[in-house]
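Participant: Mind having a look at this structure? Questions to follow.
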Amino acid sequence: MNKNQHDQLKTTFLKIDEALKNKDLNLTDQEKAKFEQLKSQLAGAILSSWLPVDSSRKVMMLVLFLIGLYGIIKINILFVLVWLFLAFFSPRLVGEITIFFGKLFKK
């Protein structure tokens, strides 16, 4: 997914979210359910890519990967632990972690 596609999905998601929160629209329950389903599908599409969309985040991810690779070459575990931070740059992993904690702490 490129940046334009990501931005379009995000804009559509925000418009649907705004429409659902707007009480003046007087949506029926069926329409609300349809919009909620569409909103969930859009959220899944936004968080489906493994690599970040923004090029600056891709560069940071590459730098962290290279630092970890240096740690493997020099046999230094501290540098390899930097690879744990790679998960924070993946929209898919962040989404999965968020869903897990959401289910875990759901009241």
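Residue names in the structure tokens use chain letters A, B, ... in the order shown, residue numbers from 1 in each chain, and ligand numbers from 1 in the order shown.
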Any chance you could list, as an mmCIF file with N, CA and C atoms, in the first residue's frame, the residues in chain A that come up alpha helix (DSSP H) when DSSP is run on the backbone?
Facilitator:
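And here is the file that came out, out.cif:
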data_model
loop_
_atom_site.group_PDB
_atom_site.id
_atom_site.type_symbol
_atom_site.label_atom_id
_atom_site.label_comp_id
_atom_site.auth_asym_id
_atom_site.auth_seq_id
_atom_site.Cartn_x
_atom_site.Cartn_y
_atom_site.Cartn_z
ATOM 1 N N LYS A 3 1.433 5.579 0.023
ATOM 2 C CA LYS A 3 0.977 6.652 0.915
ATOM 3 C C LYS A 3 -0.370 7.232 0.477
ATOM 4 N N ASN A 4 -0.601 7.368 -0.826
ATOM 5 C CA ASN A 4 -1.877 7.915 -1.302
ATOM 6 C C ASN A 4 -3.051 7.018 -0.929
ATOM 7 N N GLN A 5 -2.882 5.718 -1.137
ATOM 8 C CA GLN A 5 -3.940 4.778 -0.762
ATOM 9 C C GLN A 5 -4.200 4.830 0.743
ATOM 10 N N HIS A 6 -3.123 4.877 1.512
ATOM 11 C CA HIS A 6 -3.252 4.933 2.965
ATOM 12 C C HIS A 6 -3.996 6.193 3.397
ATOM 13 N N ASP A 7 -3.645 7.315 2.794
ATOM 14 C CA ASP A 7 -4.304 8.578 3.144
ATOM 15 C C ASP A 7 -5.783 8.568 2.762
ATOM 16 N N GLN A 8 -6.111 7.971 1.618
ATOM 17 C CA GLN A 8 -7.516 7.875 1.209
ATOM 18 C C GLN A 8 -8.313 7.011 2.183
ATOM 19 N N LEU A 9 -7.740 5.881 2.575
ATOM 20 C CA LEU A 9 -8.419 5.005 3.534
ATOM 21 C C LEU A 9 -8.616 5.702 4.876
ATOM 22 N N LYS A 10 -7.591 6.404 5.305
ATOM 23 C CA LYS A 10 -7.672 7.099 6.589
ATOM 24 C C LYS A 10 -8.715 8.221 6.548
ATOM 25 N N THR A 11 -8.769 8.963 5.436
ATOM 26 C CA THR A 11 -9.756 10.034 5.289
ATOM 27 C C THR A 11 -11.171 9.472 5.303
ATOM 28 N N THR A 12 -11.381 8.380 4.583
ATOM 29 C CA THR A 12 -12.693 7.738 4.565
ATOM 30 C C THR A 12 -13.070 7.234 5.946
ATOM 31 N N PHE A 13 -12.108 6.650 6.646
ATOM 32 C CA PHE A 13 -12.343 6.162 8.008
ATOM 33 C C PHE A 13 -12.787 7.303 8.918
ATOM 34 N N LEU A 14 -12.087 8.429 8.835
ATOM 35 C CA LEU A 14 -12.415 9.568 9.695
ATOM 36 C C LEU A 14 -13.776 10.166 9.361
ATOM 37 N N LYS A 15 -14.135 10.181 8.070
ATOM 38 C CA LYS A 15 -15.448 10.692 7.670
ATOM 39 C C LYS A 15 -16.569 9.804 8.196
ATOM 40 N N ILE A 16 -16.368 8.502 8.124
ATOM 41 C CA ILE A 16 -17.386 7.568 8.634
ATOM 42 C C ILE A 16 -17.484 7.696 10.148
ATOM 43 N N ASP A 17 -16.355 7.830 10.819
ATOM 44 C CA ASP A 17 -16.359 7.994 12.272
ATOM 45 C C ASP A 17 -17.098 9.267 12.675
ATOM 46 N N GLU A 18 -16.857 10.335 11.922
ATOM 47 C CA GLU A 18 -17.539 11.609 12.192
ATOM 48 C C GLU A 18 -19.044 11.491 11.953
ATOM 49 N N ALA A 19 -19.417 10.771 10.897
ATOM 50 C CA ALA A 19 -20.844 10.591 10.587
ATOM 51 C C ALA A 19 -21.538 9.774 11.686
ATOM 52 N N LEU A 20 -20.846 8.789 12.219
ATOM 53 C CA LEU A 20 -21.444 7.979 13.277
ATOM 54 C C LEU A 20 -21.619 8.768 14.571
ATOM 55 N N LYS A 21 -20.724 9.707 14.808
ATOM 56 C CA LYS A 21 -20.806 10.509 16.031
ATOM 57 C C LYS A 21 -21.801 11.664 15.906
ATOM 58 N N ASP A 29 -30.766 2.062 12.732
ATOM 59 C CA ASP A 29 -29.878 1.061 13.323
ATOM 60 C C ASP A 29 -29.183 0.230 12.247
ATOM 61 N N GLN A 30 -29.887 -0.040 11.172
ATOM 62 C CA GLN A 30 -29.306 -0.806 10.077
ATOM 63 C C GLN A 30 -28.178 -0.013 9.406
ATOM 64 N N GLU A 31 -28.382 1.273 9.208
ATOM 65 C CA GLU A 31 -27.348 2.117 8.610
ATOM 66 C C GLU A 31 -26.139 2.241 9.533
ATOM 67 N N LYS A 32 -26.401 2.385 10.840
ATOM 68 C CA LYS A 32 -25.301 2.461 11.802
ATOM 69 C C LYS A 32 -24.480 1.187 11.780
ATOM 70 N N ALA A 33 -25.157 0.036 11.740
ATOM 71 C CA ALA A 33 -24.453 -1.246 11.712
ATOM 72 C C ALA A 33 -23.615 -1.379 10.441
ATOM 73 N N LYS A 34 -24.161 -0.909 9.317
ATOM 74 C CA LYS A 34 -23.428 -0.977 8.056
ATOM 75 C C LYS A 34 -22.188 -0.089 8.105
ATOM 76 N N PHE A 35 -22.346 1.119 8.646
ATOM 77 C CA PHE A 35 -21.201 2.022 8.780
ATOM 78 C C PHE A 35 -20.155 1.479 9.758
ATOM 79 N N GLU A 36 -20.590 0.866 10.840
ATOM 80 C CA GLU A 36 -19.652 0.276 11.804
ATOM 81 C C GLU A 36 -18.859 -0.857 11.152
ATOM 82 N N GLN A 37 -19.552 -1.670 10.346
ATOM 83 C CA GLN A 37 -18.866 -2.758 9.654
ATOM 84 C C GLN A 37 -17.851 -2.201 8.658
ATOM 85 N N LEU A 38 -18.246 -1.189 7.911
ATOM 86 C CA LEU A 38 -17.337 -0.558 6.954
ATOM 87 C C LEU A 38 -16.146 0.075 7.671
ATOM 88 N N LYS A 39 -16.402 0.689 8.807
ATOM 89 C CA LYS A 39 -15.335 1.309 9.597
ATOM 90 C C LYS A 39 -14.333 0.249 10.069
ATOM 91 N N SER A 40 -14.840 -0.908 10.491
ATOM 92 C CA SER A 40 -13.955 -1.999 10.918
ATOM 93 C C SER A 40 -13.120 -2.523 9.757
ATOM 94 N N GLN A 41 -13.737 -2.639 8.596
ATOM 95 C CA GLN A 41 -13.000 -3.101 7.420
ATOM 96 C C GLN A 41 -11.909 -2.105 7.024
ATOM 97 N N LEU A 42 -12.222 -0.823 7.103
ATOM 98 C CA LEU A 42 -11.224 0.202 6.779
ATOM 99 C C LEU A 42 -10.069 0.185 7.783
ATOM 100 N N ALA A 43 -10.394 0.001 9.066
ATOM 101 C CA ALA A 43 -9.335 -0.066 10.082
ATOM 102 C C ALA A 43 -8.421 -1.253 9.813
ATOM 103 N N GLY A 44 -9.005 -2.379 9.429
ATOM 104 C CA GLY A 44 -8.198 -3.546 9.093
ATOM 105 C C GLY A 44 -7.306 -3.297 7.892
ATOM 106 N N ALA A 45 -7.835 -2.600 6.893
ATOM 107 C CA ALA A 45 -7.043 -2.298 5.698
ATOM 108 C C ALA A 45 -5.912 -1.324 6.016
ATOM 109 N N ILE A 46 -6.184 -0.350 6.879
ATOM 110 C CA ILE A 46 -5.158 0.627 7.252
ATOM 111 C C ILE A 46 -4.015 -0.049 8.001
ATOM 112 N N SER A 55 8.004 7.341 4.573
ATOM 113 C CA SER A 55 9.394 7.018 4.242
ATOM 114 C C SER A 55 10.356 7.297 5.396
ATOM 115 N N SER A 56 10.066 8.284 6.228
ATOM 116 C CA SER A 56 10.961 8.551 7.357
ATOM 117 C C SER A 56 10.928 7.384 8.360
ATOM 118 N N ARG A 57 9.761 6.790 8.546
ATOM 119 C CA ARG A 57 9.685 5.619 9.439
ATOM 120 C C ARG A 57 10.375 4.410 8.819
ATOM 121 N N LYS A 58 10.305 4.297 7.516
ATOM 122 C CA LYS A 58 11.019 3.200 6.842
ATOM 123 C C LYS A 58 12.521 3.346 7.044
ATOM 124 N N VAL A 59 13.021 4.576 6.969
ATOM 125 C CA VAL A 59 14.453 4.818 7.165
ATOM 126 C C VAL A 59 14.847 4.473 8.601
ATOM 127 N N MET A 60 14.031 4.901 9.581
ATOM 128 C CA MET A 60 14.336 4.572 10.984
ATOM 129 C C MET A 60 14.322 3.055 11.198
ATOM 130 N N MET A 61 13.376 2.378 10.547
ATOM 131 C CA MET A 61 13.292 0.930 10.669
ATOM 132 C C MET A 61 14.536 0.262 10.071
ATOM 133 N N LEU A 62 14.989 0.774 8.932
ATOM 134 C CA LEU A 62 16.193 0.243 8.297
ATOM 135 C C LEU A 62 17.421 0.456 9.177
ATOM 136 N N VAL A 63 17.529 1.630 9.793
ATOM 137 C CA VAL A 63 18.663 1.916 10.676
ATOM 138 C C VAL A 63 18.671 0.950 11.864
ATOM 139 N N LEU A 64 17.505 0.723 12.472
ATOM 140 C CA LEU A 64 17.428 -0.224 13.593
ATOM 141 C C LEU A 64 17.784 -1.638 13.148
ATOM 142 N N PHE A 65 17.333 -2.021 11.964
ATOM 143 C CA PHE A 65 17.673 -3.349 11.444
ATOM 144 C C PHE A 65 19.182 -3.482 11.259
ATOM 145 N N LEU A 66 19.815 -2.452 10.701
ATOM 146 C CA LEU A 66 21.258 -2.498 10.477
ATOM 147 C C LEU A 66 22.038 -2.515 11.785
ATOM 148 N N ILE A 67 21.540 -1.816 12.807
ATOM 149 C CA ILE A 67 22.192 -1.850 14.125
ATOM 150 C C ILE A 67 22.121 -3.261 14.693
ATOM 151 N N GLY A 68 20.962 -3.899 14.560
ATOM 152 C CA GLY A 68 20.824 -5.282 15.021
ATOM 153 C C GLY A 68 21.717 -6.231 14.240
ATOM 154 N N LEU A 69 21.838 -6.027 12.941
ATOM 155 C CA LEU A 69 22.706 -6.849 12.111
ATOM 156 C C LEU A 69 24.162 -6.675 12.529
ATOM 157 N N TYR A 70 24.541 -5.454 12.845
ATOM 158 C CA TYR A 70 25.890 -5.190 13.360
ATOM 159 C C TYR A 70 26.114 -5.973 14.660
ATOM 160 N N GLY A 71 25.078 -6.025 15.505
ATOM 161 C CA GLY A 71 25.194 -6.779 16.752
ATOM 162 C C GLY A 71 25.399 -8.264 16.526
ATOM 163 N N ILE A 72 24.765 -8.812 15.480
ATOM 164 C CA ILE A 72 24.973 -10.225 15.170
ATOM 165 C C ILE A 72 26.400 -10.451 14.680
ATOM 166 N N ILE A 73 26.883 -9.555 13.840
ATOM 167 C CA ILE A 73 28.242 -9.702 13.304
ATOM 168 C C ILE A 73 29.275 -9.585 14.421
ATOM 169 N N ILE A 77 24.849 -8.885 22.149
ATOM 170 C CA ILE A 77 23.413 -9.082 22.313
ATOM 171 C C ILE A 77 22.662 -7.765 22.509
ATOM 172 N N LEU A 78 23.317 -6.758 23.060
ATOM 173 C CA LEU A 78 22.642 -5.484 23.291
ATOM 174 C C LEU A 78 22.204 -4.826 21.985
ATOM 175 N N PHE A 79 23.027 -4.948 20.958
ATOM 176 C CA PHE A 79 22.659 -4.386 19.662
ATOM 177 C C PHE A 79 21.527 -5.197 19.019
ATOM 178 N N VAL A 80 21.530 -6.499 19.246
ATOM 179 C CA VAL A 80 20.484 -7.352 18.678
ATOM 180 C C VAL A 80 19.136 -7.033 19.333
ATOM 181 N N PRO A 91 2.737 -1.125 11.276
ATOM 182 C CA PRO A 91 1.329 -0.865 11.581
ATOM 183 C C PRO A 91 0.560 -2.137 11.918
ATOM 184 N N ARG A 92 0.903 -3.224 11.262
ATOM 185 C CA ARG A 92 0.188 -4.481 11.510
ATOM 186 C C ARG A 92 0.451 -5.005 12.921
ATOM 187 N N LEU A 93 1.717 -5.008 13.339
ATOM 188 C CA LEU A 93 2.040 -5.495 14.680
ATOM 189 C C LEU A 93 1.471 -4.586 15.758
ATOM 190 N N VAL A 94 1.525 -3.282 15.541
ATOM 191 C CA VAL A 94 0.945 -2.341 16.508
ATOM 192 C C VAL A 94 -0.565 -2.575 16.617
ATOM 193 N N GLY A 95 -1.211 -2.813 15.475
ATOM 194 C CA GLY A 95 -2.643 -3.095 15.485
ATOM 195 C C GLY A 95 -2.966 -4.384 16.220
ATOM 196 N N GLU A 96 -2.191 -5.431 15.977
ATOM 197 C CA GLU A 96 -2.421 -6.708 16.658
ATOM 198 C C GLU A 96 -2.204 -6.584 18.162
ATOM 199 N N ILE A 97 -1.169 -5.867 18.563
ATOM 200 C CA ILE A 97 -0.903 -5.669 19.989
ATOM 201 C C ILE A 97 -2.021 -4.863 20.631
ATOM 202 N N THR A 98 -2.513 -3.846 19.930
ATOM 203 C CA THR A 98 -3.611 -3.026 20.437
ATOM 204 C C THR A 98 -4.884 -3.853 20.610
ATOM 205 N N ILE A 99 -5.180 -4.689 19.628
ATOM 206 C CA ILE A 99 -6.363 -5.557 19.722
ATOM 207 C C ILE A 99 -6.219 -6.518 20.895
ATOM 208 N N PHE A 100 -5.021 -7.101 21.068
ATOM 209 C CA PHE A 100 -4.797 -8.026 22.181
ATOM 210 C C PHE A 100 -5.040 -7.354 23.530
ATOM 211 N N PHE A 101 -4.432 -6.180 23.726
ATOM 212 C CA PHE A 101 -4.612 -5.496 24.996
ATOM 213 C C PHE A 101 -6.039 -4.968 25.170
ATOM 214 N N GLY A 102 -6.680 -4.622 24.062
ATOM 215 C CA GLY A 102 -8.076 -4.207 24.126
ATOM 216 C C GLY A 102 -8.978 -5.323 24.631
ATOM 217 N N LYS A 103 -8.723 -6.532 24.141
ATOM 218 C CA LYS A 103 -9.502 -7.699 24.590
ATOM 219 C C LYS A 103 -9.141 -8.072 26.029
ATOM 220 N N LEU A 104 -7.880 -7.907 26.358
ATOM 221 C CA LEU A 104 -7.411 -8.280 27.688
ATOM 222 C C LEU A 104 -8.002 -7.391 28.776
#
Participant: Looking at A:Phe105, A:Leu81, A:Phe89, A:Asn22, which one is nearest to Pro52 of chain A, with distances taken over only C-alpha atoms?
Facilitator: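 Using only C-alpha atoms, the shortest distance to Pro52 of chain A belongs to A:Phe89.
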Participant: When distances are computed from only C-alpha atoms, which of A:Leu27, A:Leu86, A:Val53, A:Leu47 shows the smallest separation from Met1 of chain A?
Facilitator: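 Between A:Leu27, A:Leu86, A:Val53, A:Leu47, the residue approaching Met1 of chain A most closely is A:Val53.
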Participant: What does the distance from atom CA of Ala87 of chain A to atom CA of Lys74 of chain A come to in Å, to one decimal?
Facilitator: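 If I compute the distance from atom CA of Ala87 of chain A to atom CA of Lys74 of chain A, I get 22.7 Å.
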Participant: Do you have the atom CA of Phe88 of chain A-atom CA of Asn76 of chain A distance handy?
Facilitator: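 Separation between atom CA of Phe88 of chain A and atom CA of Asn76 of chain A: 21.9 Å.
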